[in-house]
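Colleague: Have a look at the structure that comes next, please.
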Amino acid sequence: MDGRSGDGRRGKDKFSAPRGPWWRPASRVGRVLLGLGALLVLGGLTAGALALKTYLSRDARFRIAGAGNIEAVGLTEVRRAQMLPVFGEDIGRNIFFVPLGERRKQLEAIPWIERATVMRLLPDQIRVSVVERQPVAFVRQGQQIGLVDKEGVLLTMPAAMMAQHSYSFPVVTGVDAKETLAQRRMRMAIYGRLLGELDANGQHISEQLSEIDLTDAQDARVLMPEQGTDILAHFGDDRFLERYQRYKAHIAEWRQQYPKLAAVDLRYESQVVLEMTPGTDAVAAAVDGPGAPAATADAATAGKPSAAGIASAAAADTSASKAESNKPTASVSKPAASASAVNGAGKPAVVNQATVKPATVKPATLKQAAASKPKTSAKKAVKIEELAARQRAAHEHAAKAKAARAKAEKDKRRAADHDTALNESAPSSNRPAPAAAEGQ
C-alpha cells in the first residue's frame with residue numbers, strides 16, 4: 001500500500017493537530033510567550049523614545065543660542081527689532097520646545113504683519129516668513145495723518161518715511177480707531193469699490209481725488225480740486241464712474257453760472273442739487289445726458305427744489321430764519337439732499353448725515369412758519385402796546401365794577417339788617433301797660 005486512499009489522494013494524518021496563524025497560537029504556552037514578546041518590544045520602543053527625547057532636549061546642539069539663530073524674511077516696513085521681542089523667552093531654549101503656533105499669533109498681532117509662518121530648522125534655527133500689509137490710503141484722525149490698508153487696519157509710519165515712499169493716495173476721513181475692525185473694513189470696502197470703478201479703464205482717475213469722507217456708509221463724499229477751490233461731490237454708494245463722468249461734463253458750466261458753488265449732490269437720476277456757500281441759495285439743475293447743459297437759475301427754481309425747499313427738508317432752522325425775507329417756492333418732489341455748509345477754512349462740512357428720505361415742502365407750511373415767528377417792526381410794537389393798554393384798562397374797569405358791586409351788596413345787606421331791626425322793635429311799643437299803672 002502506498003498510503004493513498006481509494007480516491008487517489010494521500011490520506012491525512014489522523015493524529016496531526018490543525019495549524020493556525022502565528023499570532024494566534026493554539027496552546028496556552030504559545031499565547032503566553034507571544035504576550036511576553038510583545039511587552040518586550042513595546043518596552044524597548046518606549047525606552048528608546050525616552051532616551052531620544054532626553055538626548056534631544058539636553059543636547060546643546062539644539063539650543064537657540066541667541067537672536068542670530070532667528071532668521072526673518074519678508075520684512076520691509078516692520079523692523080527686526082519689532083519682531084525679536086516675540087521670541088525673547090525662547091533664547092536659550094531647546095528648539096523643540098518653542099510653541100510655533102503661539103509665536104505665529106503674536107507676530108500677526110503686529111499691525112503691519114498680515115500673515116506669518118514660523119518653522120524649525122534643525123539643529124538650532126527658527127525661520128520666520130512674513131507678508132506685510134499694503135497701505136491703500138492716508139487716513140486723518142484729528143491732526144494726525146496715518147495709513148490704512150484695505151481691511152481697515154490702521155498703520156503708523158513716521159512722516160519722513162512716508163516722504164521716502166512717495167505715496168500718492170487720497171486722504172480718507174471717517175475711519176476711526178474707536179470703531180471695530182468690522183466697521184472700518186466696511187467703510188474701506190466702499191473706498192475700494194470707488195477707486196476700482198474709477199480706475200477700471202486704466203485712466204488712473206483716482207489720482208485726481210483729494211479727500212474722501214466715509215463717515216456715511218451710504219454716501220461717499222469726495223473733495224474734488226477745481227482751480228483754486230474744492231468742490232464737495234456726493235457720489236452715494238454705487239455707480240461711481242457714471243456719476244464722476246456726469247460731474248466732469250457739467251462742473252465748468254456750473255461753476256461759471258454759480259461762482260459760489262460749494263457742493264454737488266450726484267445721487268439722483270435726472271437732476272443734481274447744487275449747494276452754495278452759506279448765505280446763498282441752493283438750486284437743482286436738470287441733467288438729461290452726459291452732454292446736456294445745466295438748467296438756468298430760473299428754470300431750476302421754477303420746477304426743481306430751491307433753497308427754501310432743500311433747507312426746510314434738511315435743516316428747519318435755516319429756512320425759518322429766512323422765512324420773513326424769502327418767498328415760498330414750489331414743493332420738492334425729489335428726495336431732499338443732505339444740507340452741507342462750508343467752514344471758516346473754506347472746506348465743506350456736512351451738517352446732516354442722515355439717510356436721504358423723500359420730503360415735501362408746501363408754500364402754506366412756509367407761510368405758517370413765517371407767521372409763527374415774532375415780528376420786531378415798530379408798527380407791530382405799537383399795536384402790542386395799544387393792546388396791552390386796552391387790556392390794562394379793561395382790568396381796571398373790571399376791578400372798579402367789582403368793587404362797586406361789592407359795595408352795593410354791602411349797602412343792601414346793611415339796609416336789610418336795619419329794616420329787620422325796626423320790624424322787631426315795633427310790636428314792643430304797642431303792648432298794654434302793667435296793671436299797677438292802671439290802678440294808679
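As shown in the C-alpha cells, the chain order sets the letters A, B, ...; within each chain, residues go from 1, and ligands are also counted from 1 in the order they appear.
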Show me, as a list of chain:residue names, the residues that have an atom within 8 Å of region 130-139 of chain A when counting only C-alpha atoms, minus same-chain residues fewer than 5 positions from it.
Modeller: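 Those residues are A:Ala72, A:Val73, A:Gly74, A:Leu75, A:Thr76, A:Glu77, A:Val78, A:Trp112, A:Ile113, A:Glu114, A:Arg115, A:Ala116, A:Thr117, A:Ile145, A:Gly146, A:Leu147, A:Val148, A:Asp149, A:Lys150, A:Leu155, A:Phe169, A:Pro170, A:Val171, A:Val172, A:Thr173, A:Val175.
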Colleague: Next, dump the selected residues to file, keeping only C-alpha atoms, as a PDB file, in the first residue's frame.
Modeller:
```
ATOM      1  CA  ALA A  72      13.322  86.551   9.234  1.00  0.00           C
ATOM      2  CA  VAL A  73      12.352  87.096   5.597  1.00  0.00           C
ATOM      3  CA  GLY A  74       9.774  89.440   4.066  1.00  0.00           C
ATOM      4  CA  LEU A  75      10.441  92.385   6.389  1.00  0.00           C
ATOM      5  CA  THR A  76      10.122  95.778   4.728  1.00  0.00           C
ATOM      6  CA  GLU A  77       8.157  98.149   6.948  1.00  0.00           C
ATOM      7  CA  VAL A  78       8.479  96.017  10.080  1.00  0.00           C
ATOM      8  CA  TRP A 112       1.976  95.784   9.758  1.00  0.00           C
ATOM      9  CA  ILE A 113       2.112  91.938   9.568  1.00  0.00           C
ATOM     10  CA  GLU A 114      -0.796  90.388   7.696  1.00  0.00           C
ATOM     11  CA  ARG A 115       0.384  86.729   7.757  1.00  0.00           C
ATOM     12  CA  ALA A 116       3.322  84.936   9.361  1.00  0.00           C
ATOM     13  CA  THR A 117       4.881  81.478   9.131  1.00  0.00           C
ATOM     14  CA  ILE A 145      -2.087 111.528   9.351  1.00  0.00           C
ATOM     15  CA  GLY A 146      -1.515 107.786   9.128  1.00  0.00           C
ATOM     16  CA  LEU A 147      -2.103 104.933   6.701  1.00  0.00           C
ATOM     17  CA  VAL A 148      -4.815 102.304   6.351  1.00  0.00           C
ATOM     18  CA  ASP A 149      -4.991  99.074   4.377  1.00  0.00           C
ATOM     19  CA  LYS A 150      -7.931  97.538   2.521  1.00  0.00           C
ATOM     20  CA  LEU A 155      -0.916 101.664  10.188  1.00  0.00           C
ATOM     21  CA  PHE A 169      -3.164 108.188  -2.012  1.00  0.00           C
ATOM     22  CA  PRO A 170      -6.363 110.153  -1.336  1.00  0.00           C
ATOM     23  CA  VAL A 171      -6.902 111.235   2.261  1.00  0.00           C
ATOM     24  CA  VAL A 172      -9.715 109.266   3.920  1.00  0.00           C
ATOM     25  CA  THR A 173     -11.767 110.590   6.831  1.00  0.00           C
ATOM     26  CA  VAL A 175     -12.291 105.755   9.589  1.00  0.00           C
TER      27      VAL A 175
END
```
Colleague: Could you check which of A:Arg267, A:Arg246, A:Arg93, A:Lys410 is closest to Ala220 (chain A), using only C-alpha atoms?
Modeller: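 Smallest distance to Ala220 (chain A) is found for A:Arg267.
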Colleague: What gap, in Å, lies between CA of Gln203 (chain A) and CA of Ala263 (chain A)?
Modeller: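 Answer for the CA of Gln203 (chain A) to CA of Ala263 (chain A) separation: 24.5 Å.
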Colleague: Given the choices A:Gln218, A:Ser166, A:Asn69, A:Ser206, which gets closest to Gly92 (chain A) if the distance is worked out from only C-alpha atoms?
Modeller: A:Asn69
Colleague: Please provide the set of residues having any atom within 12 Å of Gln227 (chain A), restricted to only C-alpha atoms, with same-chain residues fewer than 3 positions apart removed, written as number ranges by chain.
Modeller: A: 224, 230-231, 251-252, 255
Colleague: Residues of the last selection are to be written out with C-alpha atoms, as a PDB file, in the first residue's frame.
Modeller:
```pdb
ATOM      1  CA  MET A 224     -12.677 117.462  -5.913  1.00  0.00           C
ATOM      2  CA  ASP A 230     -12.512 122.403  -3.671  1.00  0.00           C
ATOM      3  CA  ILE A 231     -15.982 121.109  -4.579  1.00  0.00           C
ATOM      4  CA  ILE A 251     -18.727 121.249 -13.492  1.00  0.00           C
ATOM      5  CA  ALA A 252     -17.293 124.004 -15.707  1.00  0.00           C
ATOM      6  CA  ARG A 255     -19.042 126.995 -11.708  1.00  0.00           C
TER       7      ARG A 255
END
```
